[in-house]
Structures are given as structure tokens and as C-alpha cells.
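Structure file coords.csv (CSV, C-alpha atoms) follows.
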chain,number,residue,atom,x,y,z
A,1354,MET,CA,103.2,100.8,133.2
A,1355,LYS,CA,106.7,99.3,133.4
A,1356,LYS,CA,109.2,100.8,131.1
A,1357,ILE,CA,111.7,99.2,128.8
A,1358,PHE,CA,114.3,101.4,127.3
A,1359,LEU,CA,116.8,100.2,124.7
A,1360,ILE,CA,119.9,102.2,123.8
A,1361,ILE,CA,122.4,100.7,121.4
A,1362,LEU,CA,125.6,102.8,121.0
A,1363,LEU,CA,128.3,102.1,118.5
A,1364,CYS,CA,130.0,98.7,117.9
A,1365,LEU,CA,129.8,95.0,118.7
A,1366,PHE,CA,131.2,93.8,122.0
A,1367,ASN,CA,130.2,90.5,123.6
A,1368,SER,CA,130.3,89.8,127.3
A,1369,SER,CA,128.6,87.5,129.8
A,1370,ALA,CA,129.0,89.6,132.9
A,1371,ASN,CA,125.3,89.9,133.5
A,1372,ALA,CA,125.0,87.8,136.7
A,1373,GLY,CA,121.3,86.9,137.0
A,1374,LEU,CA,118.3,86.8,139.3
A,1375,LYS,CA,119.0,88.9,142.5
A,1376,GLU,CA,122.6,89.2,141.5
A,1377,ILE,CA,124.2,92.6,141.2
A,1378,GLY,CA,125.8,93.6,137.8
A,1379,ASN,CA,129.3,95.1,137.6
A,1380,LEU,CA,130.0,96.5,134.1
A,1381,TYR,CA,130.6,100.0,132.8
A,1382,VAL,CA,127.5,102.2,132.4
A,1383,SER,CA,127.7,105.6,130.6
A,1384,GLN,CA,126.9,108.7,132.6
A,1385,GLU,CA,124.1,109.4,130.1
A,1386,THR,CA,122.4,106.1,130.9
A,1387,LYS,CA,122.9,106.6,134.6
A,1388,ASP,CA,121.3,110.1,134.4
A,1389,LYS,CA,118.3,108.7,132.5
A,1390,ILE,CA,117.7,106.0,135.1
A,1391,ASN,CA,118.1,108.4,138.0
A,1392,ILE,CA,115.6,110.8,136.5
A,1393,GLN,CA,113.1,108.0,135.9
A,1394,LEU,CA,113.6,106.8,139.5
A,1395,GLU,CA,112.7,110.2,140.9
A,1396,GLU,CA,109.7,110.5,138.6
A,1397,ASN,CA,108.5,107.1,139.6
A,1398,LYS,CA,108.9,107.7,143.3
A,1399,SER,CA,106.9,111.0,143.0
A,1400,LYS,CA,104.1,109.2,141.1
A,1401,LYS,CA,104.0,106.1,143.2
A,1402,LYS,CA,104.6,107.1,146.8
A,1403,ASN,CA,105.1,104.4,149.4
A,1404,LYS,CA,106.1,101.9,146.7
A,1405,LYS,CA,109.4,100.1,146.5
A,1406,PHE,CA,111.2,99.9,143.2
A,1407,ILE,CA,113.5,97.4,141.6
A,1408,LEU,CA,115.2,97.6,138.2
A,1409,TYR,CA,116.9,94.9,136.3
A,1410,PHE,CA,119.5,96.0,133.7
A,1411,TYR,CA,121.4,94.5,130.8
A,1412,THR,CA,124.6,95.8,129.3
A,1413,ASP,CA,127.6,94.4,127.6
A,1414,GLY,CA,129.7,97.2,129.0
A,1415,ASP,CA,129.5,99.3,125.9
A,1416,GLU,CA,127.0,98.8,123.1
A,1417,TYR,CA,123.7,97.3,124.4
A,1418,HIS,CA,121.6,98.6,127.2
A,1419,ILE,CA,118.1,97.4,128.3
A,1420,TRP,CA,116.2,97.8,131.5
A,1421,ASP,CA,112.9,97.0,133.1
A,1422,TRP,CA,111.2,98.5,136.2
A,1423,GLY,CA,108.9,97.1,138.8
A,1424,SER,CA,107.2,98.6,141.9
A,1425,ALA,CA,105.3,97.0,144.8
A,1426,LYS,CA,104.6,97.5,148.4
A,1427,GLU,CA,106.9,94.6,149.3
A,1428,ILE,CA,109.7,93.2,147.1
A,1429,THR,CA,109.1,89.4,147.1
A,1430,ASP,CA,111.0,86.6,145.4
A,1431,LYS,CA,108.1,86.2,143.0
A,1432,PHE,CA,108.2,89.9,142.1
A,1433,HIS,CA,112.0,89.7,141.5
A,1434,GLU,CA,111.4,86.8,139.1
A,1435,LYS,CA,108.7,88.6,137.2
A,1436,VAL,CA,110.8,91.7,136.5
A,1437,PHE,CA,113.9,89.7,135.9
A,1438,GLN,CA,112.2,87.5,133.2
A,1439,LYS,CA,110.6,90.6,131.6
A,1440,CYS,CA,114.0,92.1,131.2
A,1441,ASN,CA,115.5,88.9,129.8
A,1442,LYS,CA,112.7,88.6,127.2
A,1443,SER,CA,113.5,92.1,126.0
A,1444,VAL,CA,117.2,91.1,125.6
A,1445,LYS,CA,116.2,88.1,123.6
A,1446,LYS,CA,113.6,90.0,121.5
A,1447,TYR,CA,115.6,93.1,120.6
A,1448,LEU,CA,119.2,91.8,120.7
A,1449,LYS,CA,118.7,88.2,119.8
A,1450,LYS,CA,120.8,87.2,122.8
A,1451,GLU,CA,120.3,84.7,125.5
A,1452,ASP,CA,122.1,86.7,128.1
A,1453,GLU,CA,120.5,87.6,131.4
A,1454,CYS,CA,119.8,90.9,133.2
A,1455,SER,CA,121.2,91.8,136.6
A,1456,LEU,CA,120.0,93.9,139.5
A,1457,TYR,CA,120.6,97.6,139.2
A,1458,ILE,CA,118.1,99.1,141.7
A,1459,LEU,CA,116.8,97.4,144.9
A,1460,ASP,CA,114.3,99.0,147.2
A,1461,ASN,CA,114.8,102.5,145.6
A,1462,LYS,CA,118.6,102.3,145.9
A,1463,ILE,CA,121.2,101.8,143.2
A,1464,VAL,CA,123.2,98.7,143.9
A,1465,TRP,CA,125.0,98.2,140.6
A,1466,ASP,CA,128.8,97.8,141.0
A,1467,PHE,CA,130.0,100.3,138.4
A,1468,VAL,CA,133.3,99.8,136.5
A,1469,SER,CA,135.0,103.1,135.8
A,1470,GLU,CA,136.6,102.4,132.5
A,1471,LYS,CA,134.8,101.7,129.2
A,1472,PRO,CA,136.1,98.6,127.4
A,1473,GLU,CA,138.1,99.1,124.2
A,1474,LYS,CA,135.9,98.8,121.2
A,1475,PRO,CA,136.9,96.5,118.3
A,1476,LYS,CA,136.6,97.9,114.8
A,1477,ARG,CA,133.5,96.9,112.9
A,1478,PRO,CA,134.2,95.6,109.4
A,1479,LYS,CA,133.1,97.9,106.5
A,1480,ARG,CA,131.1,97.1,103.5
A,1481,ILE,CA,132.7,95.4,100.5
A,1482,LEU,CA,133.3,97.5,97.4
A,1483,SER,CA,134.7,95.3,94.7
A,1484,GLU,CA,135.5,95.9,91.1
A,1485,LYS,CA,133.5,92.8,90.0
A,1486,ASP,CA,130.3,94.4,91.5
A,1487,LYS,CA,130.7,97.6,89.4
A,1488,LYS,CA,128.3,97.2,86.5
A,1489,PRO,CA,126.4,99.6,84.2
A,1490,GLY,CA,123.3,101.1,85.8
A,1491,ARG,CA,124.3,100.1,89.4
A,1492,PHE,CA,124.7,102.6,92.2
A,1493,PHE,CA,126.4,102.1,95.5
A,1494,GLU,CA,125.1,105.2,97.2
A,1495,ASP,CA,121.8,107.0,97.5
A,1496,GLN,CA,121.4,109.1,94.4
A,1497,PRO,CA,120.1,112.7,94.2
A,1498,ASP,CA,116.3,112.6,94.8
A,1499,ALA,CA,113.5,113.6,92.5
A,1500,ASN,CA,112.1,115.7,95.4
A,1501,ASP,CA,112.7,116.6,99.0
A,1502,ASP,CA,109.7,114.7,100.4
A,1503,PHE,CA,109.8,111.8,102.9
A,1504,GLN,CA,110.8,108.6,101.0
A,1505,ILE,CA,111.4,104.9,101.3
A,1506,HIS,CA,114.7,103.9,99.8
A,1507,VAL,CA,115.5,100.4,98.5
A,1508,ILE,CA,118.7,98.7,99.2
A,1509,PHE,CA,119.6,95.4,97.4
A,1510,SER,CA,122.1,93.6,99.6
A,1511,LEU,CA,124.2,90.4,99.3
A,1512,TYR,CA,126.5,88.5,101.6
A,1513,ALA,CA,130.2,88.6,100.9
A,1514,ASP,CA,130.0,85.2,99.1
A,1515,SER,CA,126.5,85.7,97.5
A,1516,GLU,CA,126.2,85.3,93.8
A,1517,ASP,CA,125.2,88.5,92.0
A,1518,ASN,CA,122.0,87.9,90.2
A,1519,GLU,CA,121.8,91.6,89.2
A,1520,GLU,CA,118.2,92.1,90.3
A,1521,ASP,CA,118.9,95.7,91.1
A,1522,ILE,CA,119.8,96.5,87.5
A,1523,ASN,CA,117.8,94.0,85.4
A,1524,GLY,CA,114.4,95.4,86.1
A,1525,LYS,CA,113.2,92.7,88.5
A,1526,TRP,CA,113.2,95.0,91.5
A,1527,GLU,CA,111.1,97.6,89.8
A,1528,GLN,CA,108.6,94.8,89.2
A,1529,TRP,CA,108.7,93.7,92.8
A,1530,ILE,CA,108.1,97.2,94.0
A,1531,LYS,CA,105.2,97.8,91.6
A,1532,ILE,CA,103.6,94.6,92.8
A,1533,ALA,CA,103.9,95.7,96.4
A,1534,ASP,CA,102.7,99.2,95.6
A,1535,ASP,CA,99.5,98.0,93.9
A,1536,SER,CA,98.9,95.6,96.7
A,1537,ILE,CA,99.3,98.3,99.4
A,1538,PHE,CA,97.0,100.6,97.4
A,1539,LYS,CA,94.2,98.0,97.3
A,1540,MET,CA,94.5,97.2,101.1
A,1541,THR,CA,94.5,100.9,102.1
A,1542,GLU,CA,91.7,101.7,99.7
A,1543,LYS,CA,89.5,99.0,101.2
A,1544,ALA,CA,90.3,100.2,104.8
A,1545,ASN,CA,89.8,103.9,103.9
A,1546,LYS,CA,86.5,103.3,102.1
A,1547,LYS,CA,85.2,101.3,105.1
A,1548,THR,CA,86.0,104.2,107.5
A,1549,ASN,CA,85.2,107.0,105.0
A,1550,THR,CA,88.7,108.6,105.7
A,1551,MET,CA,91.3,110.1,103.3
A,1552,ASN,CA,88.4,110.7,100.9
A,1553,SER,CA,88.0,107.0,100.6
A,1554,GLU,CA,91.2,106.9,98.5
A,1555,GLY,CA,93.9,104.2,98.6
A,1556,GLN,CA,97.4,105.3,99.8
A,1557,ARG,CA,100.8,104.3,98.5
A,1558,PHE,CA,104.3,104.3,100.0
A,1559,LYS,CA,106.5,107.3,98.9
A,1560,TRP,CA,109.2,105.4,97.1
A,1561,ASP,CA,112.6,107.0,96.5
A,1562,TYR,CA,113.0,107.9,92.8
A,1563,ARG,CA,116.1,109.4,91.0
A,1564,LYS,CA,115.9,112.6,89.1
A,1565,ASP,CA,115.7,110.6,85.9
A,1566,GLY,CA,112.4,109.1,87.1
A,1567,LYS,CA,113.7,105.6,87.9
A,1568,LEU,CA,113.4,103.8,91.2
A,1569,ASP,CA,116.6,104.5,93.2
A,1570,ILE,CA,118.1,101.2,94.3
A,1571,SER,CA,121.5,101.0,96.1
A,1572,PHE,CA,123.7,97.9,95.9
A,1573,PHE,CA,125.3,96.8,99.1
A,1574,ARG,CA,127.6,93.8,99.8
A,1575,PHE,CA,128.0,92.9,103.5
A,1576,PRO,CA,131.5,92.2,104.9
A,1577,PHE,CA,130.6,88.8,106.1
A,1578,SER,CA,129.6,85.5,104.5
A,1579,LYS,CA,126.4,83.5,105.0
A,1580,LYS,CA,128.4,81.2,107.3
A,1581,ASP,CA,129.7,84.1,109.3
A,1582,ALA,CA,126.2,85.5,109.7
A,1583,LYS,CA,125.0,82.1,111.1
A,1584,LYS,CA,128.0,82.0,113.4
A,1585,ARG,CA,127.2,85.5,114.7
A,1586,LYS,CA,123.7,84.5,115.5
A,1587,LYS,CA,124.8,81.3,117.2
A,1588,ASN,CA,127.1,83.3,119.4
A,1589,ASN,CA,124.4,85.7,120.3
A,1590,GLU,CA,126.1,88.6,118.6
A,1591,GLY,CA,122.9,90.0,117.2
A,1592,ASN,CA,122.2,91.0,113.6
A,1593,PRO,CA,124.8,93.5,112.4
A,1594,MET,CA,123.2,94.5,109.1
A,1595,GLU,CA,121.5,97.7,110.2
A,1596,ASN,CA,124.6,99.0,112.1
A,1597,ILE,CA,126.8,98.6,109.0
A,1598,LEU,CA,124.1,100.1,106.7
A,1599,ILE,CA,123.7,103.2,108.9
A,1600,GLU,CA,127.5,103.6,109.3
A,1601,SER,CA,127.8,103.4,105.5
A,1602,GLY,CA,125.7,106.5,105.0
A,1603,PHE,CA,122.1,105.1,104.8
A,1604,ASN,CA,120.9,107.3,107.6
A,1605,ASN,CA,118.8,110.1,106.2
A,1606,PRO,CA,116.3,111.1,108.9
A,1607,LYS,CA,113.7,111.7,106.1
A,1608,LYS,CA,114.0,108.1,104.8
A,1609,ILE,CA,112.9,104.6,105.7
A,1610,TYR,CA,115.1,101.9,104.2
A,1611,LEU,CA,113.8,98.6,102.8
A,1612,ASN,CA,116.8,96.2,102.8
A,1613,PHE,CA,116.1,93.4,100.4
A,1614,GLY,CA,118.5,90.6,101.0
A,1615,GLY,CA,119.0,88.7,97.7
A,1616,PHE,CA,119.9,85.6,99.6
A,1617,ALA,CA,118.4,82.8,101.7
A,1618,SER,CA,117.9,83.7,105.4
A,1619,ASN,CA,116.8,81.8,108.5
A,1620,ASP,CA,115.0,85.0,109.6
A,1621,TRP,CA,111.6,85.9,108.4
A,1622,ALA,CA,111.0,89.4,107.1
A,1623,TYR,CA,111.4,91.8,110.1
A,1624,SER,CA,111.8,95.4,111.2
A,1625,THR,CA,114.1,96.8,113.8
A,1626,GLY,CA,112.0,99.9,114.1
A,1627,PHE,CA,112.6,103.2,112.4
A,1628,PRO,CA,114.2,103.4,109.9
A,1629,TYR,CA,114.8,99.8,108.7
A,1630,PHE,CA,112.9,96.8,107.6
A,1631,SER,CA,114.3,93.7,105.8
A,1632,ILE,CA,112.8,91.2,103.4
A,1633,PHE,CA,114.7,88.2,102.0
A,1634,LYS,CA,114.6,86.3,98.8
A,1635,SER,CA,114.1,83.1,100.7
A,1636,HIS,CA,113.4,82.7,104.4
A,1637,LYS,CA,112.8,79.7,106.6
A,1638,GLY,CA,113.1,77.6,103.4
A,1639,ASN,CA,110.2,79.5,101.7
A,1640,LYS,CA,110.9,81.3,98.5
A,1641,LEU,CA,109.4,84.8,98.4
A,1642,ASN,CA,106.4,85.0,96.1
A,1643,THR,CA,104.5,87.9,94.5
A,1644,LYS,CA,101.3,87.2,96.5
A,1645,GLU,CA,102.9,87.6,99.9
A,1646,PHE,CA,105.4,90.3,99.0
A,1647,GLY,CA,102.9,93.2,99.3
A,1648,TYR,CA,101.9,91.8,102.7
A,1649,PHE,CA,105.5,91.8,103.9
A,1650,VAL,CA,106.2,95.3,102.6
A,1651,LEU,CA,103.1,96.8,104.3
A,1652,HIS,CA,103.4,94.8,107.5
A,1653,GLU,CA,107.1,95.4,108.1
A,1654,GLY,CA,106.9,98.9,106.7
A,1655,LEU,CA,104.3,99.8,109.3
A,1656,HIS,CA,106.6,98.3,111.9
A,1657,ALA,CA,109.3,100.7,110.7
A,1658,MET,CA,106.8,103.5,111.1
A,1659,GLY,CA,106.1,102.4,114.7
A,1660,ALA,CA,103.1,100.1,114.5
A,1661,VAL,CA,101.8,98.7,116.7
A,1662,LEU,CA,102.4,101.0,119.7
A,1663,PRO,CA,101.8,100.3,123.4
A,1664,CYS,CA,99.3,103.1,123.5
A,1665,SER,CA,97.1,101.1,121.0
A,1666,LYS,CA,94.2,99.2,122.4
A,1667,ASN,CA,95.2,95.7,121.4
A,1668,HIS,CA,99.0,96.1,121.4
A,1669,TYR,CA,100.9,92.9,122.0
A,1670,GLN,CA,104.7,92.9,121.5
A,1671,GLY,CA,104.5,95.3,118.6
A,1672,HIS,CA,101.5,93.6,117.0
A,1673,THR,CA,97.8,93.2,117.7
A,1674,ARG,CA,96.3,90.4,119.9
A,1675,GLY,CA,93.4,88.0,119.3
A,1676,ARG,CA,92.5,89.1,115.7
A,1677,ALA,CA,93.3,86.5,113.1
A,1678,SER,CA,92.1,88.7,110.2
A,1679,ASP,CA,94.4,91.6,111.2
A,1680,LEU,CA,97.4,92.4,109.0
A,1681,MET,CA,99.4,93.3,112.1
A,1682,ALA,CA,98.2,90.2,114.1
A,1683,SER,CA,100.8,88.5,116.3
A,1684,ASP,CA,99.7,84.9,115.6
A,1685,GLY,CA,101.7,84.6,112.4
A,1686,ASN,CA,99.1,82.3,110.8
A,1687,GLY,CA,98.5,82.9,107.1
A,1688,ARG,CA,98.8,86.2,105.3
A,1689,ASN,CA,96.1,88.5,106.6
A,1690,PHE,CA,95.3,91.6,104.5
A,1691,THR,CA,92.8,93.6,106.6
A,1692,LEU,CA,94.1,96.8,108.2
A,1693,ASP,CA,92.9,97.1,111.8
A,1694,PRO,CA,89.4,95.5,111.4
A,1695,LYS,CA,87.9,97.4,114.4
A,1696,ASN,CA,89.9,100.6,113.8
A,1697,ASP,CA,90.9,100.9,117.4
A,1698,SER,CA,94.6,100.1,117.3
A,1699,TYR,CA,96.7,101.6,114.5
A,1700,TRP,CA,94.6,102.5,111.4
A,1701,ALA,CA,91.9,105.2,111.2
A,1702,HIS,CA,91.3,105.2,114.9
A,1703,ASP,CA,90.1,108.3,116.9
A,1704,LYS,CA,92.7,108.4,119.7
A,1705,LYS,CA,94.5,111.7,119.5
A,1706,THR,CA,97.2,110.6,122.0
A,1707,CYS,CA,98.4,107.7,119.9
A,1708,PRO,CA,99.8,107.8,116.3
A,1709,ASP,CA,97.6,106.6,113.5
A,1710,MET,CA,99.6,104.9,110.8
A,1711,GLN,CA,97.2,106.4,108.2
A,1712,ASP,CA,98.8,109.7,109.1
A,1713,SER,CA,102.4,108.7,108.4
A,1714,VAL,CA,104.4,111.1,106.3
A,1715,TYR,CA,105.6,108.1,104.3
A,1716,LEU,CA,102.2,107.5,102.7
A,1717,THR,CA,100.6,109.4,99.8
A,1718,PRO,CA,98.1,111.0,99.7
A,1719,THR,CA,99.3,112.4,103.0
A,1720,SER,CA,97.1,113.2,105.9
A,1721,GLU,CA,96.4,116.8,106.9
A,1722,THR,CA,97.5,115.9,110.4
A,1723,PRO,CA,100.7,113.9,109.7
A,1724,PHE,CA,103.3,112.4,112.0
A,1725,ASP,CA,107.0,111.9,111.3
A,1726,PRO,CA,108.3,108.6,112.9
A,1727,PHE,CA,111.8,110.1,113.2
A,1728,GLU,CA,110.4,112.9,115.3
A,1729,ILE,CA,108.2,111.0,117.7
A,1730,TYR,CA,110.6,108.1,118.2
A,1731,CYS,CA,114.0,109.8,118.0
A,1732,LEU,CA,113.5,113.4,119.2
A,1733,GLU,CA,112.0,115.2,122.2
A,1734,PRO,CA,108.6,116.9,121.6
A,1735,ASP,CA,110.0,120.4,121.6
A,1736,GLN,CA,112.1,119.4,118.5
A,1737,TRP,CA,109.0,118.2,116.5
A,1738,LYS,CA,108.3,120.3,113.3
A,1739,THR,CA,106.2,118.1,111.0
A,1740,THR,CA,104.1,116.1,113.5
A,1741,LYS,CA,100.8,117.8,114.3
A,1742,HIS,CA,99.8,116.0,117.5
A,1743,THR,CA,101.3,116.0,121.0
A,1744,TYR,CA,100.9,112.2,121.5
A,1745,ARG,CA,101.4,112.7,125.3
A,1746,LYS,CA,101.0,109.0,126.0
A,1747,ILE,CA,104.0,107.9,124.0
A,1748,LYS,CA,106.6,110.3,125.5
A,1749,ASP,CA,109.6,108.4,126.9
A,1750,LYS,CA,108.1,105.0,126.1
A,1751,ASN,CA,109.1,104.2,122.6
A,1752,PHE,CA,112.8,105.2,122.1
A,1753,GLU,CA,113.5,101.5,121.5
A,1754,LYS,CA,111.7,102.0,118.2
A,1755,CYS,CA,114.4,104.4,117.0
A,1756,PHE,CA,117.4,102.6,115.7
A,1757,TYR,CA,119.3,105.9,115.6
A,1758,LYS,CA,118.7,106.3,119.3
A,1759,ARG,CA,120.2,102.9,119.9
A,1760,ILE,CA,123.5,103.6,118.2
A,1761,GLY,CA,124.0,107.1,119.6
A,1762,PHE,CA,123.0,108.8,116.3
A,1763,ASN,CA,123.6,112.6,116.6
A,1764,HIS,CA,120.5,114.5,115.4

Let's see the structure in the file written out as C-alpha cells.
Amino acid sequence: MKKIFLIILLCLFNSSANAGLKEIGNLYVSQETKDKINIQLEENKSKKKNKKFILYFYTDGDEYHIWDWGSAKEITDKFHEKVFQKCNKSVKKYLKKEDECSLYILDNKIVWDFVSEKPEKPKRPKRILSEKDKKPGRFFEDQPDANDDFQIHVIFSLYADSEDNEEDINGKWEQWIKIADDSIFKMTEKANKKTNTMNSEGQRFKWDYRKDGKLDISFFRFPFSKKDAKKRKKNNEGNPMENILIESGFNNPKKIYLNFGGFASNDWAYSTGFPYFSIFKSHKGNKLNTKEFGYFVLHEGLHAMGAVLPCSKNHYQGHTRGRASDLMASDGNGRNFTLDPKNDSYWAHDKKTCPDMQDSVYLTPTSETPFDPFEIYCLEPDQWKTTKHTYRKIKDKNFEKCFYKRIGFNH
């Protein structure tokens, strides 16, 4: 299988130096990235002897790196086009950019024209901490936890110019989470009874509670306005929210973060992979409602846990294919509430080499054979401590699901 690897390092830097089809790129590439590509080239050559390899690569010279392999007996124009377009689709999907990849390896030889000096990185703006946002009962940081278990932490975020409706302190967010929690329990209970797994009990997300027993919600105001956010997207600068949240200290490897944007967004609810997923008060002109909220939390929460993986039977771009009734379906039609109807992709399946979301450490009751998304997406297997399976088929194929890996997070 062709491999796509995504590594995002530290800060935003925009460039258009990716030349295009059959054209050789010429930007800075870190030694770490060079080494990874060289190792993969040697591994591929040993596995596929007498094959010719090409690799198309995208970088902005500092922050973003994506590449895609291809091998064939003969390197044709049609084959170039196929690998080139696959790489470009990844740039668009993961980085929200329209930039193009360039040729890095041709016929087993590295052809990239390396630039020796790394470009100077501009400073990323920091979160806004203003006096007007300081209100009784509001917390700006993750508070001491009720326990040391794996948890999903809630962040209530606003743009720089968003009106503060105080949903983090007036009880509305606790109501939203209870609605989602009950909905998730019903969906998982139905799935577990059908498969006679987890003692046929429903499962819930492990929400982050403070020591006083209340839901821990962190308030966060982004350092850019709604207009600035639209401008960034228009200029293909990607979505900076997750970077700023992580740099602001929301980076506990035992937590997944639900970022609830208390503002209207042109983006649907989405997940960037472990550890973040975002849901907005209004998206695509549709106001969030209680009926669909549980669907969004479970769907995007499972994405943050890794679903749906390439090792799954019906994987298609992080979803399932051809199943209109599946909660993780890719068609986007309606709000489907059935977890893995055939139990062969991501829930209660019997494949020992591919993670089962039912076993996630972020669900309770927790499986006797759990897996930790941080371990399997961000660490090498010899560093795993909680995960009980080897999952041989996912090694080196899913680092794009680890946001920490993208920004050079030190484990």
C-alpha cells in the first residue's frame, strides 16, 4: 500500500515553491524527514525488488510535510499523474491548502534540490487573556482532576471579537454534555447488545471532572477574529486553532480535547486526529441542535480516537464506504446512529491486528484489552504500556492521526 505521512512542526509559514507534476522541488527539508524517507525507500526496495519508485513531496520549507509513494515496473506519464494527484489530495485534505506536491524521488533516486538553510519562522500569536473575560466560576486552564484516568476535556472557545454568552459558566454546557452522554450510551448499548460484547452494556465517554465533581470546562479566546479566520482559510493558511490550543498547554497525552466553538463557522464539526475534535454552535448556516449533538460528539470523538483506520475492511478516507446506515459513513447524508452495522470495520470486530474503538481507554466501562490512541498513533510499539495488542498492520501508517507528531511534540 502506498504510504502517506504527515508531519507538522511548529509554526505557520506560507510558500508556493512546490513546482508541480514532474517538476523537482527545492525547499528546506529537515534531516529527520530525510532519514525517514531514506529508510522507507530501502524498505520498499527490499520488499518490491525490480520495481521503480517515485515519491511526490509537499513542504512549505518548515512546518508542513506530506509525501506519497508509488512503484511500478515502468514509470509512465500516467503513473506520475496518479501519484502526483494522490499527494495533492492529501495536502488539500489535511492542510486545507491548494498547493501542489513536487518530485522528490524518481526511479529510486533522490532528485530534490535541497536548500541548506531553514527559513526564519514568524511568531505565532498567543491566546487572548482579557479582564472582561474573567468571571466567577470561569477557568482558563485545565483544573486538577477528580482522578488520573484517561479523560475528554471540554474547551469553550470564542473568536477575538465573539460575544461572550457565558455558556461555560451558566450551566448550558453541562446540559449539552449530558445530552451527548446519554445519546452515546444508547447507541453503544444497542451495538453491544447486538454483538453480545462488553456484557451487553452501553459505554460512555470519560469526561474530565474537577475535584468538586463538576464538569471541567476551560474558557479560551483565540487571537484572531472571525474575519481573520476566513482570510486565513482563503489564503490556504490552514486552521490554526489546534496549534494554538496545544501551545497554550492543552496537550496532556492522557486527554482528548473537545473544542466547542461558541460561534458560527463555515466548517462542519471535524477532527484533526488525536487529540482534538471541534464542534461549532452554528455551521454551514445550520444551528446546532440537541438531536444531532450526540451524533457529532460520537462521530468526531471516534475520529479523534483513530476511526476509521486503513486496516479496517471498509475504510475510505477515515470513514466507511457504501453503508448509508453507518454512523461513520462517508456519504454525509442524514444523521446515522448505527455503529458499524456489520461489525467488520471499527466496532466489535474480531481483527486482532486493527484497533477496535470499543476497546478505547476513553470509554467506560473499559475493555479488558484496551488501546491508548496516544500510544498507537504517536509512539513506537516498544513505548506502549497500556495498549494490549501489537496491531502489526498499523505500524508506520497512521502517524498523520497524531497531531502531536505533526507539530514535533516531544514525548

### Asn1552 of chain A surroundings by all atoms listed in the file, 12 Å radius, close-in-sequence under 5 positions cut, as a PyMOL selection string
chain A and resi 1541-1547+1718-1721

* Ser1469 of chain A surroundings by only C-alpha atoms, 9 Å radius, close-in-sequence under 4 positions cut, as a PyMOL selection string -> chain A and resi 1380-1382

Pull C-alpha atoms from the residues just selected and write them as a PDB file, in the frame of the given file.
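File produced: selection.pdb:
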ATOM      1  CA  LEU A1380     130.000  96.500 134.100  1.00  0.00           C
ATOM      2  CA  TYR A1381     130.600 100.000 132.800  1.00  0.00           C
ATOM      3  CA  VAL A1382     127.500 102.200 132.400  1.00  0.00           C
TER       4      VAL A1382
END

Review point. Between A:Trp1529, A:Phe1633, A:Tyr1699, A:Tyr1447, which is the closest to Asn1619 of chain A once you count only C-alpha atoms?
Key: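 Looking at the shortest contact to Asn1619 of chain A, the residue is A:Phe1633.
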
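The spacing separating atom CA of Glu1453 of chain A from atom CA of Val1468 of chain A amounts to 18.4 Å.
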
query = Between atom CA of Lys1531 of chain A and atom CA of Leu1598 of chain A, what is the distance, to one decimal in Å?
reply =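 Answer for the atom CA of Lys1531 of chain A to atom CA of Leu1598 of chain A separation: 24.3 Å.
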
| query | Interatomic distance between atom CA of Glu1470 of chain A and atom CA of Tyr1411 of chain A? | reply |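 These atoms are spaced 17.2 Å apart.
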
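Nearest residue to Arg1574 of chain A, choosing from A:Asn1391, A:Thr1412, A:Thr1429, A:Ser1483 and counting all atoms listed in the file: A:Ser1483.
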
Check: Skipping near chain neighbours, those fewer than 2 positions away, what residues fall within 7 Å of segment 1558-1568 of chain A using all atoms listed in the file, listed as JSON, numbers by chain?
Finding: {"A": [1496, 1497, 1498, 1499, 1503, 1504, 1505, 1506, 1527, 1534, 1556, 1570, 1715, 1716, 1717]}

Item to complete: Show which residues sit within 12 Å of Trp1526 of chain A, as a ChimeraX atom specification. Count all atoms listed in the file, and ignore same-chain residues fewer than 2 positions away.
Response: /A:1507-1509,1518-1524,1528-1533,1567-1572,1611-1615,1634,1643,1646
